[in-house]
>>> print(open('query-v1.cif').read())   # mmCIF, C-alpha atoms
data_coords
#
loop_
_atom_site.label_atom_id
_atom_site.label_comp_id
_atom_site.auth_asym_id
_atom_site.auth_seq_id
_atom_site.Cartn_x
_atom_site.Cartn_y
_atom_site.Cartn_z
CA MET A 1 137.29 35.97 -201.32
CA LYS A 2 135.61 34.56 -198.21
CA ASN A 3 133.89 31.88 -200.29
CA SER A 4 137.08 30.80 -202.06
CA PHE A 5 139.01 30.04 -198.84
CA PRO A 6 137.06 26.83 -197.99
CA VAL A 7 137.38 25.64 -201.59
CA ILE A 8 141.16 26.20 -201.57
CA LEU A 9 141.45 24.46 -198.21
CA ILE A 10 139.51 21.43 -199.47
CA LEU A 11 141.64 21.28 -202.62
CA LEU A 12 144.85 21.39 -200.57
CA LEU A 13 143.63 18.59 -198.31
CA PHE A 14 142.59 16.49 -201.30
CA THR A 15 146.00 17.01 -202.92
CA GLN A 16 147.79 15.90 -199.75
CA VAL A 17 145.69 12.75 -199.40
CA SER A 18 145.89 11.79 -203.07
CA CYS A 19 149.68 12.23 -203.25
CA LYS A 20 150.46 9.76 -200.48
CA LYS A 21 152.23 6.70 -201.85
CA ASP A 22 151.47 3.17 -200.81
CA SER A 23 154.67 1.95 -199.15
CA THR A 24 153.76 -1.71 -199.55
CA PRO A 25 156.10 -3.30 -202.12
CA ALA A 26 154.66 -5.11 -205.11
CA ASN A 27 154.17 -8.86 -204.83
CA SER A 28 154.84 -9.59 -208.50
CA GLY A 29 156.57 -8.21 -211.54
CA THR A 30 159.41 -8.68 -214.00
CA ALA A 31 163.08 -8.04 -213.24
CA THR A 32 166.53 -8.44 -214.78
CA ILE A 33 169.69 -9.14 -212.82
CA ASP A 34 173.28 -9.72 -213.95
CA ASN A 35 176.64 -10.55 -212.42
CA THR A 36 178.45 -7.31 -213.22
CA THR A 37 180.90 -6.78 -210.37
CA LYS A 38 181.19 -3.31 -208.84
CA LEU A 39 183.80 -1.97 -206.44
CA ALA A 40 183.26 0.21 -203.38
CA GLN A 41 185.40 -0.70 -200.37
CA THR A 42 184.81 -4.30 -201.45
CA TYR A 43 183.37 -6.04 -204.51
CA TYR A 44 179.63 -6.49 -204.84
CA VAL A 45 176.90 -7.36 -207.34
CA TYR A 46 173.20 -6.58 -207.52
CA GLY A 47 170.63 -9.29 -207.01
CA PHE A 48 166.91 -9.25 -206.36
CA LEU A 49 165.09 -9.02 -203.01
CA PHE A 50 161.54 -10.35 -203.45
CA SER A 51 160.15 -8.98 -200.17
CA GLU A 52 161.04 -5.43 -201.22
CA ALA A 53 160.43 -5.97 -204.96
CA LYS A 54 163.74 -4.43 -206.00
CA LYS A 55 167.35 -4.94 -206.97
CA VAL A 56 169.72 -4.63 -204.02
CA SER A 57 173.46 -4.96 -203.54
CA THR A 58 175.13 -7.89 -201.82
CA LEU A 59 176.41 -5.27 -199.35
CA ASP A 60 172.87 -4.17 -198.39
CA SER A 61 170.97 -5.32 -195.34
CA PRO A 62 168.95 -7.32 -196.00
CA PRO A 63 170.97 -8.75 -198.91
CA PRO A 64 169.34 -9.96 -202.11
CA ASP A 65 167.42 -13.24 -202.10
CA ILE A 66 169.00 -14.28 -205.39
CA THR A 67 172.06 -13.39 -207.45
CA ILE A 68 173.09 -14.81 -210.82
CA ASN A 69 176.45 -16.24 -211.78
CA SER A 70 178.13 -18.44 -214.37
CA ASP A 71 180.55 -21.32 -213.91
CA GLY A 72 181.73 -20.86 -217.50
CA ILE A 73 179.31 -23.49 -218.81
CA ASN A 74 176.02 -23.07 -216.93
CA LEU A 75 174.12 -20.13 -215.49
CA LEU A 76 173.07 -20.46 -211.87
CA LEU A 77 171.09 -18.59 -209.27
CA GLU A 78 172.57 -18.43 -205.80
CA THR A 79 171.33 -17.38 -202.38
CA SER A 80 173.16 -16.57 -199.17
CA ASN A 81 170.35 -17.57 -196.79
CA LEU A 82 171.99 -20.89 -195.76
CA VAL A 83 168.85 -22.87 -196.73
CA ASN A 84 168.30 -25.19 -199.69
CA SER A 85 165.99 -22.73 -201.40
CA PHE A 86 165.43 -23.70 -205.06
CA PHE A 87 163.01 -26.18 -206.60
CA LYS A 88 162.67 -26.54 -210.36
CA PHE A 89 158.95 -26.89 -210.97
CA GLY A 90 159.32 -27.45 -214.70
CA GLU A 91 161.04 -26.77 -217.99
CA TYR A 92 158.97 -25.96 -221.07
CA PRO A 93 159.57 -25.96 -224.85
CA ASP A 94 158.43 -22.37 -225.44
CA ALA A 95 157.40 -19.13 -223.75
CA SER A 96 153.63 -19.60 -224.14
CA THR A 97 153.67 -23.07 -222.55
CA ALA A 98 155.90 -21.82 -219.71
CA SER A 99 153.66 -18.79 -219.17
CA ALA A 100 150.52 -20.94 -218.98
CA ALA A 101 152.17 -23.31 -216.49
CA TYR A 102 153.40 -20.35 -214.42
CA LYS A 103 149.91 -18.84 -214.25
CA SER A 104 148.39 -22.16 -213.17
CA LEU A 105 150.98 -22.74 -210.40
CA THR A 106 149.14 -21.76 -207.21
CA SER A 107 150.96 -23.71 -204.50
CA ALA A 108 154.53 -24.11 -203.26
CA ASN A 109 153.70 -27.44 -201.65
CA VAL A 110 157.08 -29.14 -202.24
CA PRO A 111 158.68 -31.69 -199.88
CA GLU A 112 161.69 -30.27 -198.00
CA ILE A 113 164.04 -32.85 -199.51
CA ASN A 114 163.39 -31.62 -203.06
CA TYR A 115 164.93 -28.16 -202.57
CA SER A 116 168.53 -27.56 -203.61
CA GLY A 117 171.14 -24.93 -202.81
CA LEU A 118 171.44 -23.58 -206.38
CA ALA A 119 169.14 -23.11 -209.35
CA THR A 120 171.23 -24.69 -212.10
CA PRO A 121 171.46 -25.08 -215.01
CA LEU A 122 169.31 -22.01 -215.58
CA LYS A 123 167.54 -21.86 -218.95
CA ASP A 124 164.77 -19.95 -220.71
CA ASN A 125 161.21 -21.20 -220.09
CA GLN A 126 161.87 -22.77 -216.70
CA ILE A 127 159.71 -22.26 -213.62
CA TRP A 128 161.31 -22.29 -210.18
CA ILE A 129 160.04 -22.01 -206.62
CA PHE A 130 162.25 -20.13 -204.17
CA ARG A 131 161.91 -20.18 -200.40
CA SER A 132 163.58 -17.59 -198.24
CA GLY A 133 165.41 -18.22 -195.03
CA VAL A 134 163.12 -18.53 -192.04
CA GLN A 135 161.70 -15.14 -191.05
CA SER A 136 159.11 -14.68 -188.33
CA GLY A 137 159.04 -18.45 -187.82
CA PHE A 138 158.13 -19.43 -191.39
CA TYR A 139 159.41 -19.40 -194.97
CA HIS A 140 158.30 -16.96 -197.64
CA TYR A 141 157.85 -18.40 -201.12
CA THR A 142 158.29 -16.96 -204.60
CA LYS A 143 157.54 -18.53 -207.93
CA PHE A 144 159.43 -17.25 -210.93
CA ARG A 145 159.54 -17.96 -214.66
CA ILE A 146 162.76 -17.53 -216.60
CA ILE A 147 161.96 -15.31 -219.57
CA SER A 148 165.46 -14.97 -221.02
CA THR A 149 169.10 -15.55 -220.18
CA ILE A 150 172.41 -14.33 -221.56
CA SER A 151 175.66 -16.21 -221.08
CA GLU A 152 178.76 -14.84 -222.78
CA ILE A 153 182.26 -13.52 -222.24
CA ARG A 154 182.43 -9.78 -221.52
CA GLU A 155 185.64 -7.98 -220.70
CA GLY A 156 187.38 -11.35 -220.30
CA ARG A 157 184.87 -12.64 -217.70
CA ASN A 158 181.88 -14.98 -217.71
CA TYR A 159 178.86 -12.67 -217.97
CA ALA A 160 175.45 -13.88 -216.80
CA GLU A 161 172.09 -12.15 -217.11
CA CYS A 162 168.55 -13.31 -216.38
CA THR A 163 165.15 -11.74 -216.91
CA PHE A 164 162.33 -13.33 -214.93
CA GLU A 165 158.69 -12.90 -214.03
CA TRP A 166 158.03 -13.40 -210.32
CA GLN A 167 155.28 -13.58 -207.72
CA TYR A 168 156.04 -13.40 -203.99
CA GLN A 169 153.95 -14.91 -201.20
CA PRO A 170 154.34 -12.40 -198.33
CA ASP A 171 152.32 -14.18 -195.63
CA GLY A 172 154.26 -17.47 -195.48
CA THR A 173 151.43 -19.70 -196.68
CA LEU A 174 152.03 -22.18 -199.48
CA THR A 175 149.42 -20.61 -201.78
CA PHE A 176 150.28 -17.85 -204.21
CA PRO A 177 147.74 -15.00 -204.21
CA GLY A 178 145.67 -14.38 -207.33
CA LYS A 179 146.00 -11.15 -209.28
#
>>> encode(input="query-v1.cif", output="structure tokens")
Amino acid sequence: MKNSFPVILILLLFTQVSCKKDSTPANSGTATIDNTTKLAQTYYVYGFLFSEAKKVSTLDSPPPDITINSDGINLLLETSNLVNSFFKFGEYPDASTASAAYKSLTSANVPEINYSGLATPLKDNQIWIFRSGVQSGFYHYTKFRIISTISEIREGRNYAECTFEWQYQPDGTLTFPGK
């Protein structure tokens, strides 16, 4: 029994160390957002917050970086950061060409004047660069590739949905990190 106590103690310590989660959010992934309106004390939708790598409500703090909507004809991505934040890097004929272009995009070096307030019209196989509002004295950049979109009428309303692959630049430089 005396000899088993140190072994049990070591196993318990190892279990505690190995079960700790890394609290750093992912810097890339795939996500889907839509414009389904929910009601609490007010109406809200879920968008995507790149810095935390998750879907968040428009009532959350911080709010999402992007939300999707439809004007009845076109899909569009919006932001509430009060900065012209979207630059369309390119539009491609198919998923493999778009994926190759996305993987080779390593810099968000885009002149200020080329950013716009909305990403529209949003279509499959596009690549966009998004810049956040100024935080800590500099912008944060995200590149994302539109994988698929849905635009239709649901329950009498314009329904919009977008699935995208994204990569976030957390340190404010213009270069996207390699995987």
>>> residues_around(input="query-v1.cif", residues="region 30-38 of chain A", least_positions_apart="5", cutoff="10 Å", atoms="all atoms listed in the file", output="JSON, numbers by chain")
{"A": [43, 44, 45, 46, 47, 48, 53, 54, 55, 56, 57, 66, 67, 68, 69, 70, 144, 145, 146, 147, 148, 149, 150, 151, 154, 157, 158, 159, 160, 161, 162, 163, 164, 165, 166, 167]}
>>> resolve_selection(input="query-v1.cif", expression="the PyMOL selection byres ((chain A and resi 103-117) around 10)", output="PyMOL selection string")
chain A and resi 77-89+98-102+118-120+127-131+140-143+145+167+169+173-179
>>> atom_distance(input="query-v1.cif", atom1="CA of Pro62 (chain A)", atom2="CA of Val134 (chain A)")
13.2 Å
>>> atom_distance(input="query-v1.cif", atom1="CA of Glu155 (chain A)", atom2="CA of Asp124 (chain A)")
24.1 Å
>>> closest_residue(input="query-v1.cif", among="A:Pro93, A:Pro121, A:Leu49, A:Tyr168", to="Leu75 (chain A)", atoms="all atoms listed in the file")
A:Pro121
